[in-house]
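Structure file input32.csv; described as CSV, C-alpha atoms and all ligand atoms.
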chain,number,residue,atom,x,y,z
U,1,MET,CA,108.5,116.7,-152.0
U,2,HIS,CA,110.0,113.2,-151.6
U,3,ALA,CA,107.3,111.7,-153.8
U,4,LEU,CA,108.4,114.2,-156.4
U,5,ALA,CA,112.1,113.3,-155.9
U,6,PHE,CA,111.4,109.6,-156.4
U,7,SER,CA,108.7,110.0,-159.1
U,8,PRO,CA,110.8,109.0,-162.1
U,9,LEU,CA,111.5,105.7,-160.4
U,10,PHE,CA,107.9,105.1,-159.4
U,11,PHE,CA,106.8,105.9,-162.9
U,12,GLN,CA,109.2,103.2,-164.2
U,13,ALA,CA,107.9,100.8,-161.5
U,14,ALA,CA,104.3,101.4,-162.6
U,15,MET,CA,105.2,100.8,-166.3
U,16,ALA,CA,107.1,97.6,-165.4
U,17,ALA,CA,104.3,96.4,-163.2
U,18,ARG,CA,101.9,96.9,-166.0
U,19,ASN,CA,104.1,95.5,-168.8
U,20,MET,CA,105.3,92.5,-166.8
U,21,GLY,CA,101.7,91.4,-165.9
U,22,VAL,CA,102.2,92.0,-162.1
U,23,LEU,CA,99.2,94.4,-161.9
U,24,ALA,CA,97.1,92.2,-164.2
U,25,ALA,CA,97.7,89.2,-161.9
U,26,VAL,CA,96.6,91.2,-158.9
U,27,HIS,CA,93.5,92.4,-160.8
U,28,ALA,CA,92.6,88.8,-161.7
U,29,ALA,CA,92.5,87.9,-158.1
U,30,LYS,CA,90.5,90.9,-156.9
U,31,ASP,CA,88.2,88.8,-154.6
U,32,THR,CA,91.0,87.2,-152.6
U,33,GLY,CA,94.0,89.4,-153.1
U,34,LEU,CA,97.4,87.8,-153.6
U,35,VAL,CA,100.6,87.4,-151.6
U,36,PRO,CA,103.9,88.3,-153.4
U,37,ALA,CA,104.8,84.6,-154.1
U,38,GLU,CA,101.4,84.1,-155.8
U,39,VAL,CA,101.9,87.3,-157.9
U,40,ALA,CA,105.4,86.1,-158.9
U,41,ALA,CA,104.0,82.7,-160.0
U,42,ARG,CA,101.0,84.1,-161.9
U,43,ALA,CA,103.0,86.8,-163.7
U,44,SER,CA,106.0,84.5,-164.2
U,45,VAL,CA,108.4,87.0,-162.6
U,46,THR,CA,110.9,86.4,-159.8
U,47,LEU,CA,109.8,86.8,-156.2
U,48,TYR,CA,112.3,89.7,-155.9
U,49,ALA,CA,110.7,91.5,-158.9
U,50,ALA,CA,107.2,90.9,-157.6
U,51,ARG,CA,108.2,92.3,-154.2
U,52,VAL,CA,109.9,95.5,-155.4
U,53,LEU,CA,107.2,96.2,-158.0
U,54,LEU,CA,104.3,95.6,-155.5
U,55,GLU,CA,106.0,97.7,-152.9
U,56,GLY,CA,106.7,100.5,-155.4
U,57,CYS,CA,103.1,100.4,-156.6
U,58,LEU,CA,101.9,100.4,-152.9
U,59,ALA,CA,103.8,103.6,-152.4
U,60,ILE,CA,102.0,105.3,-155.3
U,61,GLN,CA,98.7,103.7,-154.3
U,62,LEU,CA,98.1,101.5,-157.4
U,63,VAL,CA,97.8,98.6,-155.0
U,64,ALA,CA,96.7,98.3,-151.4
U,65,LEU,CA,98.0,95.8,-148.8
U,66,GLU,CA,95.7,94.2,-146.3
U,67,GLY,CA,96.7,91.1,-144.1
U,68,GLY,CA,99.7,90.5,-146.3
U,69,ARG,CA,97.6,90.3,-149.5
U,70,TYR,CA,97.7,92.8,-152.4
U,71,ARG,CA,94.7,94.1,-154.2
U,72,LEU,CA,94.4,96.6,-157.1
U,73,THR,CA,93.0,100.1,-156.1
U,74,PRO,CA,90.7,102.2,-158.3
U,75,ALA,CA,93.9,104.1,-159.4
U,76,GLY,CA,95.5,100.8,-160.3
U,77,GLU,CA,92.4,100.0,-162.4
U,78,LEU,CA,92.8,103.3,-164.2
U,79,TRP,CA,96.5,102.7,-164.8
U,80,LEU,CA,95.7,99.2,-166.3
U,81,PHE,CA,92.6,99.9,-168.3
U,82,ASP,CA,91.9,103.6,-168.9
U,83,GLU,CA,92.7,104.5,-172.5
U,84,MET,CA,93.8,108.1,-172.0
U,85,THR,CA,96.0,107.1,-169.1
U,86,LYS,CA,97.7,104.4,-171.3
U,87,VAL,CA,98.1,106.8,-174.2
U,88,ASN,CA,99.8,109.4,-172.0
U,89,ALA,CA,101.9,106.9,-170.1
U,90,ASN,CA,103.2,105.3,-173.3
U,91,PHE,CA,103.9,108.7,-174.8
U,92,VAL,CA,106.0,109.7,-171.8
U,93,GLN,CA,107.8,106.4,-171.7
U,94,ASP,CA,108.5,105.8,-175.4
U,95,ILE,CA,108.9,109.4,-176.6
U,96,CYS,CA,109.9,111.6,-173.7
U,97,TYR,CA,111.6,109.7,-170.9
U,98,ALA,CA,115.1,109.2,-172.1
U,99,GLY,CA,115.3,112.7,-173.7
U,100,ALA,CA,113.8,114.5,-170.7
U,101,LEU,CA,117.2,114.3,-169.0
U,102,HIS,CA,118.2,117.0,-171.5
U,103,LEU,CA,115.3,119.4,-170.6
U,104,GLU,CA,117.6,122.0,-168.9
U,105,GLU,CA,120.0,121.9,-171.9
U,106,SER,CA,117.0,122.4,-174.2
U,107,LEU,CA,115.8,125.4,-172.3
U,108,ARG,CA,119.3,126.9,-172.2
U,109,THR,CA,119.9,126.4,-176.0
U,110,GLY,CA,116.3,126.7,-177.4
U,111,LEU,CA,116.9,123.4,-179.1
U,112,PRO,CA,115.2,120.0,-178.5
U,113,ALA,CA,118.4,118.5,-176.9
U,114,GLY,CA,116.6,115.3,-175.9
U,115,LEU,CA,115.8,114.4,-179.5
U,116,LYS,CA,119.4,113.1,-180.0
U,117,VAL,CA,118.3,109.9,-178.2
U,118,PHE,CA,116.5,109.1,-181.5
U,119,GLY,CA,118.4,110.9,-184.2
U,120,GLU,CA,120.0,114.1,-185.4
U,121,TRP,CA,117.0,116.0,-186.8
U,122,PRO,CA,116.4,119.7,-186.1
U,123,THR,CA,112.8,118.9,-184.9
U,124,ILE,CA,111.0,115.7,-184.1
U,125,TYR,CA,108.7,116.2,-187.2
U,126,GLU,CA,111.5,115.4,-189.7
U,127,GLY,CA,112.1,112.2,-188.0
U,128,LEU,CA,108.6,111.1,-187.1
U,129,THR,CA,108.3,108.3,-189.6
U,130,GLN,CA,111.8,107.1,-188.8
U,131,LEU,CA,111.4,106.7,-185.1
U,132,PRO,CA,111.6,103.1,-183.7
U,133,PRO,CA,108.2,101.4,-184.3
U,134,ALA,CA,107.1,101.4,-180.6
U,135,ALA,CA,108.0,105.1,-180.2
U,136,GLN,CA,106.3,106.0,-183.5
U,137,GLN,CA,103.1,104.1,-182.4
U,138,SER,CA,103.1,106.0,-179.1
U,139,TRP,CA,103.5,109.4,-180.8
U,140,PHE,CA,100.7,108.8,-183.3
U,141,ASP,CA,98.4,107.3,-180.6
U,142,PHE,CA,99.0,110.4,-178.5
U,143,ASP,CA,98.4,112.8,-181.3
U,144,HIS,CA,95.4,111.0,-182.7
U,145,PHE,CA,93.8,110.4,-179.2
U,146,TYR,CA,93.3,114.1,-178.7
U,147,SER,CA,92.3,115.3,-182.1
U,148,ASP,CA,90.2,112.2,-183.3
U,149,GLY,CA,87.3,113.0,-181.0
U,150,ALA,CA,87.3,116.7,-182.0
U,151,PHE,CA,87.1,116.2,-185.8
U,152,PRO,CA,83.5,114.9,-186.0
U,153,ILE,CA,82.4,117.8,-183.8
U,154,ALA,CA,84.3,120.4,-185.7
U,155,PHE,CA,83.3,119.1,-189.2
U,156,PRO,CA,79.7,120.3,-189.4
U,157,LYS,CA,80.8,123.7,-188.1
U,158,VAL,CA,83.5,124.1,-190.7
U,159,PHE,CA,81.5,122.6,-193.5
U,160,ALA,CA,78.2,124.5,-192.9
U,161,ALA,CA,79.2,127.0,-195.5
U,162,ARG,CA,80.1,124.2,-198.0
U,163,PRO,CA,83.8,125.0,-198.7
U,164,GLU,CA,84.9,123.7,-202.1
U,165,ARG,CA,88.7,123.9,-201.4
U,166,LEU,CA,90.3,123.3,-198.0
U,167,LEU,CA,94.0,123.6,-197.1
U,168,ASP,CA,95.1,121.4,-194.2
U,169,VAL,CA,98.4,122.8,-192.9
U,170,GLY,CA,100.3,120.2,-190.9
U,171,GLY,CA,97.7,117.5,-191.8
U,172,ASN,CA,99.9,114.7,-190.6
U,173,THR,CA,98.7,111.2,-191.7
U,174,GLY,CA,95.4,112.6,-192.9
U,175,LYS,CA,92.8,111.9,-190.1
U,176,TRP,CA,91.1,115.3,-190.8
U,177,ALA,CA,91.6,115.3,-194.5
U,178,LEU,CA,90.1,111.8,-194.9
U,179,HIS,CA,87.2,112.7,-192.6
U,180,CYS,CA,86.4,115.7,-194.8
U,181,LEU,CA,86.7,113.7,-198.1
U,182,ALA,CA,84.6,110.9,-196.7
U,183,ASN,CA,81.9,113.2,-195.6
U,184,ASP,CA,81.8,115.7,-198.4
U,185,PRO,CA,82.4,114.1,-201.8
U,186,ALA,CA,82.5,117.6,-203.4
U,187,VAL,CA,85.4,119.1,-201.4
U,188,GLU,CA,89.0,119.2,-202.6
U,189,VAL,CA,91.6,118.9,-199.8
U,190,THR,CA,95.3,119.9,-200.0
U,191,VAL,CA,97.6,118.8,-197.2
U,192,LEU,CA,100.9,120.4,-196.3
U,193,ASP,CA,103.4,118.5,-194.2
U,194,HIS,CA,106.8,116.8,-194.2
U,195,PRO,CA,107.2,114.1,-196.9
U,196,GLY,CA,107.2,111.1,-194.6
U,197,GLN,CA,103.9,112.0,-193.0
U,198,LEU,CA,102.4,112.7,-196.5
U,199,ALA,CA,103.6,109.3,-197.8
U,200,GLN,CA,101.6,107.7,-194.9
U,201,LEU,CA,98.6,109.9,-195.7
U,202,GLN,CA,98.7,108.8,-199.3
U,203,ALA,CA,98.8,105.2,-198.3
U,204,ASN,CA,95.9,105.7,-195.9
U,205,ALA,CA,93.9,107.5,-198.6
U,206,VAL,CA,94.4,104.6,-201.0
U,207,VAL,CA,93.1,102.2,-198.4
U,208,ALA,CA,90.1,104.4,-197.8
U,209,GLY,CA,89.5,104.9,-201.5
U,210,LEU,CA,89.7,108.7,-201.1
U,211,THR,CA,92.5,109.8,-203.4
U,212,ALA,CA,90.4,111.5,-206.1
U,213,HIS,CA,90.1,114.9,-204.4
U,214,LEU,CA,93.2,114.8,-202.3
U,215,ARG,CA,96.5,116.7,-203.1
U,216,THR,CA,99.6,116.6,-201.0
U,217,VAL,CA,102.4,119.2,-201.0
U,218,PRO,CA,105.6,118.3,-199.1
U,219,MET,CA,107.0,121.4,-197.5
U,220,ASN,CA,109.2,122.4,-194.5
U,221,LEU,CA,106.7,124.8,-193.1
U,222,LEU,CA,109.4,126.5,-191.1
U,223,ASP,CA,110.8,127.9,-194.3
U,224,HIS,CA,108.8,131.1,-194.4
U,225,ALA,CA,110.1,132.0,-197.9
U,226,LEU,CA,107.9,129.2,-199.3
U,227,ALA,CA,104.4,130.3,-200.1
U,228,PHE,CA,101.4,128.1,-199.5
U,229,PRO,CA,99.2,127.1,-202.5
U,230,THR,CA,96.4,129.7,-202.9
U,231,GLY,CA,92.7,130.0,-203.5
U,232,PHE,CA,91.2,128.2,-200.5
U,233,ASP,CA,87.8,128.7,-198.9
U,234,VAL,CA,89.2,127.3,-195.6
U,235,VAL,CA,92.7,127.2,-194.3
U,236,TRP,CA,92.7,124.7,-191.5
U,237,MET,CA,95.3,124.5,-188.7
U,238,SER,CA,94.6,121.8,-186.1
U,239,GLN,CA,97.0,121.2,-183.2
U,240,PHE,CA,99.5,122.6,-185.6
U,241,LEU,CA,100.5,126.1,-184.4
U,242,ASP,CA,101.4,124.8,-181.0
U,243,CYS,CA,104.3,123.1,-182.7
U,244,PHE,CA,106.0,126.6,-183.1
U,245,GLY,CA,107.1,129.6,-181.1
U,246,GLU,CA,105.3,132.9,-181.4
U,247,PRO,CA,107.5,134.5,-184.1
U,248,ASP,CA,106.9,131.4,-186.4
U,249,ILE,CA,103.2,131.3,-185.6
U,250,ALA,CA,103.0,135.0,-186.7
U,251,GLN,CA,104.6,134.1,-190.0
U,252,LEU,CA,102.5,130.9,-190.5
U,253,LEU,CA,99.3,133.0,-190.0
U,254,GLN,CA,100.5,135.4,-192.7
U,255,ARG,CA,101.1,132.6,-195.1
U,256,GLY,CA,97.7,131.1,-194.2
U,257,ILE,CA,96.1,134.5,-194.9
U,258,ALA,CA,97.8,134.7,-198.3
U,259,ALA,CA,96.4,131.2,-199.2
U,260,LEU,CA,92.7,132.3,-198.7
U,261,ALA,CA,90.3,132.9,-201.5
U,262,PRO,CA,88.2,136.1,-201.3
U,263,GLY,CA,85.7,135.5,-198.4
U,264,GLY,CA,87.7,132.5,-197.1
U,265,ARG,CA,88.1,131.6,-193.4
U,266,LEU,CA,91.2,130.6,-191.4
U,267,CYS,CA,90.3,128.0,-188.8
U,268,VAL,CA,92.5,127.2,-185.8
U,269,MET,CA,91.7,124.3,-183.5
U,270,GLU,CA,93.8,124.1,-180.4
U,271,ALA,CA,93.6,122.7,-176.8
U,272,PHE,CA,94.4,125.7,-174.6
U,273,TRP,CA,95.5,125.0,-171.1
U,274,ASP,CA,93.3,127.7,-169.5
U,275,ARG,CA,90.2,126.2,-171.1
U,276,GLN,CA,90.2,122.7,-169.8
U,277,PRO,CA,87.4,121.1,-167.9
U,278,ASN,CA,89.5,120.2,-164.8
U,279,ASP,CA,92.9,120.4,-163.2
U,280,VAL,CA,94.0,117.0,-164.6
U,281,ALA,CA,93.4,118.0,-168.2
U,282,GLU,CA,95.3,121.3,-167.5
U,283,LEU,CA,98.2,119.3,-166.1
U,284,CYS,CA,98.4,117.1,-169.1
U,285,LEU,CA,98.8,120.1,-171.4
U,286,GLN,CA,101.4,121.7,-169.2
U,287,GLY,CA,103.3,118.4,-169.2
U,288,THR,CA,103.0,118.3,-173.0
U,289,SER,CA,104.7,121.7,-173.2
U,290,LEU,CA,107.8,120.0,-171.6
U,291,TYR,CA,107.7,117.4,-174.4
U,292,PHE,CA,107.8,120.3,-176.9
U,293,SER,CA,110.8,121.8,-175.1
U,294,CYS,CA,113.1,118.7,-174.8
U,295,MET,CA,111.9,116.5,-177.7
U,296,ALA,CA,109.9,118.3,-180.3
U,297,ASN,CA,111.5,121.6,-181.2
U,298,GLY,CA,112.8,123.5,-178.1
U,299,THR,CA,110.6,126.6,-178.9
U,300,SER,CA,106.9,125.7,-178.7
U,301,ARG,CA,104.4,124.9,-176.0
U,302,MET,CA,100.7,124.4,-175.3
U,303,TYR,CA,99.3,127.9,-175.2
U,304,HIS,CA,97.0,130.0,-173.1
U,305,SER,CA,94.1,131.1,-175.2
U,306,GLN,CA,94.9,134.8,-174.7
U,307,ASP,CA,98.3,134.2,-176.4
U,308,PHE,CA,96.5,133.0,-179.5
U,309,LEU,CA,93.9,135.7,-179.5
U,310,GLU,CA,96.7,138.2,-179.5
U,311,LEU,CA,98.6,136.5,-182.3
U,312,ILE,CA,95.4,136.4,-184.4
U,313,ALA,CA,94.7,140.1,-183.8
U,314,GLY,CA,98.4,140.8,-184.5
U,315,ALA,CA,98.1,139.1,-187.8
U,316,GLY,CA,95.3,141.5,-188.8
U,317,LEU,CA,92.7,138.7,-188.7
U,318,THR,CA,89.2,139.3,-187.3
U,319,LEU,CA,87.8,136.6,-185.0
U,320,VAL,CA,84.3,135.7,-186.1
U,321,SER,CA,83.7,132.8,-183.7
U,322,ASP,CA,85.3,131.2,-180.7
U,323,GLU,CA,83.7,127.8,-179.9
U,324,LYS,CA,84.3,125.0,-177.6
U,325,ILE,CA,84.8,121.6,-179.4
U,326,GLY,CA,84.2,118.7,-177.1
U,327,LEU,CA,85.8,118.8,-173.7
U,328,SER,CA,89.3,120.1,-174.5
U,329,HIS,CA,89.4,121.9,-177.8
U,330,THR,CA,88.6,125.4,-179.0
U,331,LEU,CA,87.8,126.3,-182.7
U,332,LEU,CA,88.8,129.9,-183.6
U,333,THR,CA,87.3,131.0,-186.9
U,334,CYS,CA,88.9,134.1,-188.5
U,335,VAL,CA,88.5,136.2,-191.6
U,336,ILE,CA,90.6,138.9,-193.1
X,1,LIG,C1,100.8,117.8,-183.6
X,1,LIG,S1,100.6,117.3,-185.3
X,1,LIG,C2,99.0,117.7,-185.6
X,1,LIG,C3,98.4,116.9,-186.7
X,1,LIG,C4,96.9,117.2,-187.1
X,1,LIG,N1,96.8,118.5,-187.7
X,1,LIG,C5,96.0,117.0,-185.9
X,1,LIG,O1,95.2,117.9,-185.7
X,1,LIG,O2,96.1,115.9,-185.3
X,1,LIG,C6,101.5,118.6,-186.1
X,1,LIG,C7,101.8,118.3,-187.6
X,1,LIG,O3,102.5,119.4,-188.1
X,1,LIG,C8,103.6,118.9,-188.9
X,1,LIG,N2,104.7,119.9,-188.8
X,1,LIG,C9,105.3,120.4,-187.7
X,1,LIG,N3,106.3,121.2,-188.1
X,1,LIG,C10,106.4,121.1,-189.4
X,1,LIG,C11,107.3,121.7,-190.4
X,1,LIG,N4,108.3,122.5,-190.1
X,1,LIG,N5,107.1,121.4,-191.7
X,1,LIG,C12,106.1,120.5,-192.1
X,1,LIG,N6,105.2,120.0,-191.2
X,1,LIG,C13,105.4,120.2,-189.9
X,1,LIG,C14,104.0,117.6,-188.2
X,1,LIG,O4,104.7,116.8,-189.1
X,1,LIG,C15,102.6,117.1,-187.8
X,1,LIG,O5,102.1,116.3,-188.8
Any chance you could give the structure as structure tokens?
Ligand SMILES: C[S@@+](CC[C@H](N)C(=O)[O-])C[C@H]1O[C@@H](n2cnc3c(N)ncnc32)[C@H](O)[C@@H]1O
Amino acid sequence: MHALAFSPLFFQAAMAARNMGVLAAVHAAKDTGLVPAEVAARASVTLYAARVLLEGCLAIQLVALEGGRYRLTPAGELWLFDEMTKVNANFVQDICYAGALHLEESLRTGLPAGLKVFGEWPTIYEGLTQLPPAAQQSWFDFDHFYSDGAFPIAFPKVFAARPERLLDVGGNTGKWALHCLANDPAVEVTVLDHPGQLAQLQANAVVAGLTAHLRTVPMNLLDHALAFPTGFDVVWMSQFLDCFGEPDIAQLLQRGIAALAPGGRLCVMEAFWDRQPNDVAELCLQGTSLYFSCMANGTSRMYHSQDFLELIAGAGLTLVSDEKIGLSHTLLTCVI
């Protein structure tokens, strides 16, 4: 329990030890280990800073101490070098940490009370492209890290039936849309999102030379009076519905259904916390729910698969396939 009580301070110590080069100095001397004065000299920090950071990292087992000399542990190596660990840590530090102080207020009000540390938007999505550069980078790195690997696996499944028109709802900066356009020159892709995200998508499409079959429609998707464009063979919602509470998901599914051409399919790709390969992956998703509460919107979370199966059935959709995509994602394909 005491480790939990002090955990925010230890997290900051681990970030500082990483960012100030203290852990890298210890890693570079892995054969001999280093005394604090050597760490201070090599990382160009004061002896005081080296001592408190090394002792803080000792407490959380990122370093080990033997005969007065510090060495990096396997956990310390992960903290320094593992990509997923870095993406998660930067996201928590740059996006969540300051606002997490307002978690209780968020849960009492149903509003993302922590978001005020960045600006006065109703949800984080309106402000995404106006966040400070480091925070914006950490948000996009986090979002992309989890969906990037899933897209190439999902693509052949979604495109086996050669859809001609695909609607990407909440398509963000266009990772999926551009993947589709690059791999099927015949498909037309329409993306719905906030204007800032779509401006970045357009810029990315220009760089990739993929603007010819791309259309973007700026829309606040929480305004359920606004209909989606219609006539699509596939309506695609990837890591999108988890940005909403259940009543909004039900409405978004109805608007997605109305956008389908006869015979069309609605595809939902999500990471469900009950379908993860291990406890650590499950913990990451449960932690992500807390980000949704205090920073993103105050209403959404990472869902249990059963919640989505019920929402899909409640929308009058028939589930035609329920497939695992990579380690973490599930692709639910539905028809009317
Ligand atoms: C978590 S990201 C997922 C992006 C992408 N589909 C993927 O799989 O990586 C959710 C996207 O939905 C968009 N979004 C969330 N709420 C929205 C709203 N009310 N109106 C428009 N777009 C919204 C966000 O801007 C963001 O681009």
(Q) I'd like the contact shell of Glu105 (chain U) - 10 Å cut-off, only C-alpha atoms, skipping same-chain residues fewer than 6 positions apart - returned as a PyMOL selection string. (A) chain U and resi 111-114+293-294+298
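Counting all atoms listed in the file and comparing U:Ile312, U:Leu290, U:Ala271, U:Leu285, the residue that lies closest to Leu252 (chain U) is U:Ile312.
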What lies within 6 Å of region 138-142 of chain U using all atoms listed in the file, ignoring chain neighbours under 2 positions off, as a PDB file with C-alpha atoms, in the coordinates of the input?
ATOM      1  CA  VAL U  87      98.100 106.800-174.200  1.00  0.00           C
ATOM      2  CA  ASN U  90     103.200 105.300-173.300  1.00  0.00           C
ATOM      3  CA  PHE U  91     103.900 108.700-174.800  1.00  0.00           C
ATOM      4  CA  ALA U 135     108.000 105.100-180.200  1.00  0.00           C
ATOM      5  CA  GLN U 136     106.300 106.000-183.500  1.00  0.00           C
ATOM      6  CA  HIS U 144      95.400 111.000-182.700  1.00  0.00           C
ATOM      7  CA  PHE U 145      93.800 110.400-179.200  1.00  0.00           C
TER       8      PHE U 145
END
Q: May I have the residues within 7 Å of ligand LIG 1 (chain X), computed using all atoms listed in the file, as a list in words?
A: Tyr125, Glu126, Asp143, His144, Ser147, Val169, Gly170, Gly171, Asn172, Thr173, Leu192, Asp193, His194, Gln197, Met219, Asn220, Leu221, Leu222, Met237, Ser238, Gln239, Phe240 and Cys243 of chain U
Q. Hey, what's within 12 Å of region 331-333 of chain U if we count only C-alpha atoms and toss same-chain stuff fewer than 6 positions away? As a ChimeraX atom specification, please?
A. /U:147,150-151,153-155,157-158,234-239,264-272,275,305-306,308-309,311-313,317-325
For the residues in the current selection, export C-alpha atoms as a short mmCIF file (atom, residue, chain, number, x, y, z; two decimals), in the frame of the given file.
data_model
loop_
_atom_site.label_atom_id
_atom_site.label_comp_id
_atom_site.auth_asym_id
_atom_site.auth_seq_id
_atom_site.Cartn_x
_atom_site.Cartn_y
_atom_site.Cartn_z
CA SER U 147 92.30 115.30 -182.10
CA ALA U 150 87.30 116.70 -182.00
CA PHE U 151 87.10 116.20 -185.80
CA ILE U 153 82.40 117.80 -183.80
CA ALA U 154 84.30 120.40 -185.70
CA PHE U 155 83.30 119.10 -189.20
CA LYS U 157 80.80 123.70 -188.10
CA VAL U 158 83.50 124.10 -190.70
CA VAL U 234 89.20 127.30 -195.60
CA VAL U 235 92.70 127.20 -194.30
CA TRP U 236 92.70 124.70 -191.50
CA MET U 237 95.30 124.50 -188.70
CA SER U 238 94.60 121.80 -186.10
CA GLN U 239 97.00 121.20 -183.20
CA GLY U 264 87.70 132.50 -197.10
CA ARG U 265 88.10 131.60 -193.40
CA LEU U 266 91.20 130.60 -191.40
CA CYS U 267 90.30 128.00 -188.80
CA VAL U 268 92.50 127.20 -185.80
CA MET U 269 91.70 124.30 -183.50
CA GLU U 270 93.80 124.10 -180.40
CA ALA U 271 93.60 122.70 -176.80
CA PHE U 272 94.40 125.70 -174.60
CA ARG U 275 90.20 126.20 -171.10
CA SER U 305 94.10 131.10 -175.20
CA GLN U 306 94.90 134.80 -174.70
CA PHE U 308 96.50 133.00 -179.50
CA LEU U 309 93.90 135.70 -179.50
CA LEU U 311 98.60 136.50 -182.30
CA ILE U 312 95.40 136.40 -184.40
CA ALA U 313 94.70 140.10 -183.80
CA LEU U 317 92.70 138.70 -188.70
CA THR U 318 89.20 139.30 -187.30
CA LEU U 319 87.80 136.60 -185.00
CA VAL U 320 84.30 135.70 -186.10
CA SER U 321 83.70 132.80 -183.70
CA ASP U 322 85.30 131.20 -180.70
CA GLU U 323 83.70 127.80 -179.90
CA LYS U 324 84.30 125.00 -177.60
CA ILE U 325 84.80 121.60 -179.40
#
Q | Exercise: Leu201 (chain U) partners within 12 Å, only C-alpha atoms, chain neighbours under 6 positions left out, as a PyMOL selection string | A | chain U and resi 129+170-178+190-195+207-211+214-218
Can you write just those residues out, C-alpha atoms, as a PDB file, in the coordinates of the input?
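File out01.pdb, as written:
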ATOM      1  CA  THR U 129     108.300 108.300-189.600  1.00  0.00           C
ATOM      2  CA  GLY U 170     100.300 120.200-190.900  1.00  0.00           C
ATOM      3  CA  GLY U 171      97.700 117.500-191.800  1.00  0.00           C
ATOM      4  CA  ASN U 172      99.900 114.700-190.600  1.00  0.00           C
ATOM      5  CA  THR U 173      98.700 111.200-191.700  1.00  0.00           C
ATOM      6  CA  GLY U 174      95.400 112.600-192.900  1.00  0.00           C
ATOM      7  CA  LYS U 175      92.800 111.900-190.100  1.00  0.00           C
ATOM      8  CA  TRP U 176      91.100 115.300-190.800  1.00  0.00           C
ATOM      9  CA  ALA U 177      91.600 115.300-194.500  1.00  0.00           C
ATOM     10  CA  LEU U 178      90.100 111.800-194.900  1.00  0.00           C
ATOM     11  CA  THR U 190      95.300 119.900-200.000  1.00  0.00           C
ATOM     12  CA  VAL U 191      97.600 118.800-197.200  1.00  0.00           C
ATOM     13  CA  LEU U 192     100.900 120.400-196.300  1.00  0.00           C
ATOM     14  CA  ASP U 193     103.400 118.500-194.200  1.00  0.00           C
ATOM     15  CA  HIS U 194     106.800 116.800-194.200  1.00  0.00           C
ATOM     16  CA  PRO U 195     107.200 114.100-196.900  1.00  0.00           C
ATOM     17  CA  VAL U 207      93.100 102.200-198.400  1.00  0.00           C
ATOM     18  CA  ALA U 208      90.100 104.400-197.800  1.00  0.00           C
ATOM     19  CA  GLY U 209      89.500 104.900-201.500  1.00  0.00           C
ATOM     20  CA  LEU U 210      89.700 108.700-201.100  1.00  0.00           C
ATOM     21  CA  THR U 211      92.500 109.800-203.400  1.00  0.00           C
ATOM     22  CA  LEU U 214      93.200 114.800-202.300  1.00  0.00           C
ATOM     23  CA  ARG U 215      96.500 116.700-203.100  1.00  0.00           C
ATOM     24  CA  THR U 216      99.600 116.600-201.000  1.00  0.00           C
ATOM     25  CA  VAL U 217     102.400 119.200-201.000  1.00  0.00           C
ATOM     26  CA  PRO U 218     105.600 118.300-199.100  1.00  0.00           C
TER      27      PRO U 218
END
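Among the candidates U:Gly256, U:Gly99, U:Gly76, U:Pro133, the residue lying nearest to Ala315 (chain U) is U:Gly256 (atoms considered: all atoms listed in the file).
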Q.
Report, in Å to a single decimal, how far apart CA of Gly21 (chain U) and CA of Ala43 (chain U) are.
A. 5.3 Å
Can region 60-69 of chain U be brought up to N, CA and C atoms and written out as a CSV table (one decimal), in the coordinates of the input?
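In the end it all went to result.csv:
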chain,number,residue,atom,x,y,z
U,60,ILE,N,102.7,104.3,-154.5
U,60,ILE,CA,102.0,105.3,-155.3
U,60,ILE,C,100.5,104.9,-155.4
U,61,GLN,N,100.1,104.0,-154.5
U,61,GLN,CA,98.7,103.7,-154.3
U,61,GLN,C,98.0,103.0,-155.5
U,62,LEU,N,98.8,102.3,-156.3
U,62,LEU,CA,98.1,101.5,-157.4
U,62,LEU,C,97.6,100.2,-156.8
U,63,VAL,N,98.3,99.7,-155.8
U,63,VAL,CA,97.8,98.6,-155.0
U,63,VAL,C,97.6,98.9,-153.6
U,64,ALA,N,96.8,98.1,-152.8
U,64,ALA,CA,96.7,98.3,-151.4
U,64,ALA,C,97.1,97.0,-150.8
U,65,LEU,N,97.5,97.0,-149.5
U,65,LEU,CA,98.0,95.8,-148.8
U,65,LEU,C,97.2,95.6,-147.6
U,66,GLU,N,96.6,94.4,-147.4
U,66,GLU,CA,95.7,94.2,-146.3
U,66,GLU,C,96.0,92.7,-145.8
U,67,GLY,N,96.4,92.5,-144.6
U,67,GLY,CA,96.7,91.1,-144.1
U,67,GLY,C,97.7,90.4,-145.0
U,68,GLY,N,98.7,91.1,-145.5
U,68,GLY,CA,99.7,90.5,-146.3
U,68,GLY,C,99.3,90.2,-147.8
U,69,ARG,N,98.1,90.6,-148.2
U,69,ARG,CA,97.6,90.3,-149.5
U,69,ARG,C,97.4,91.6,-150.3
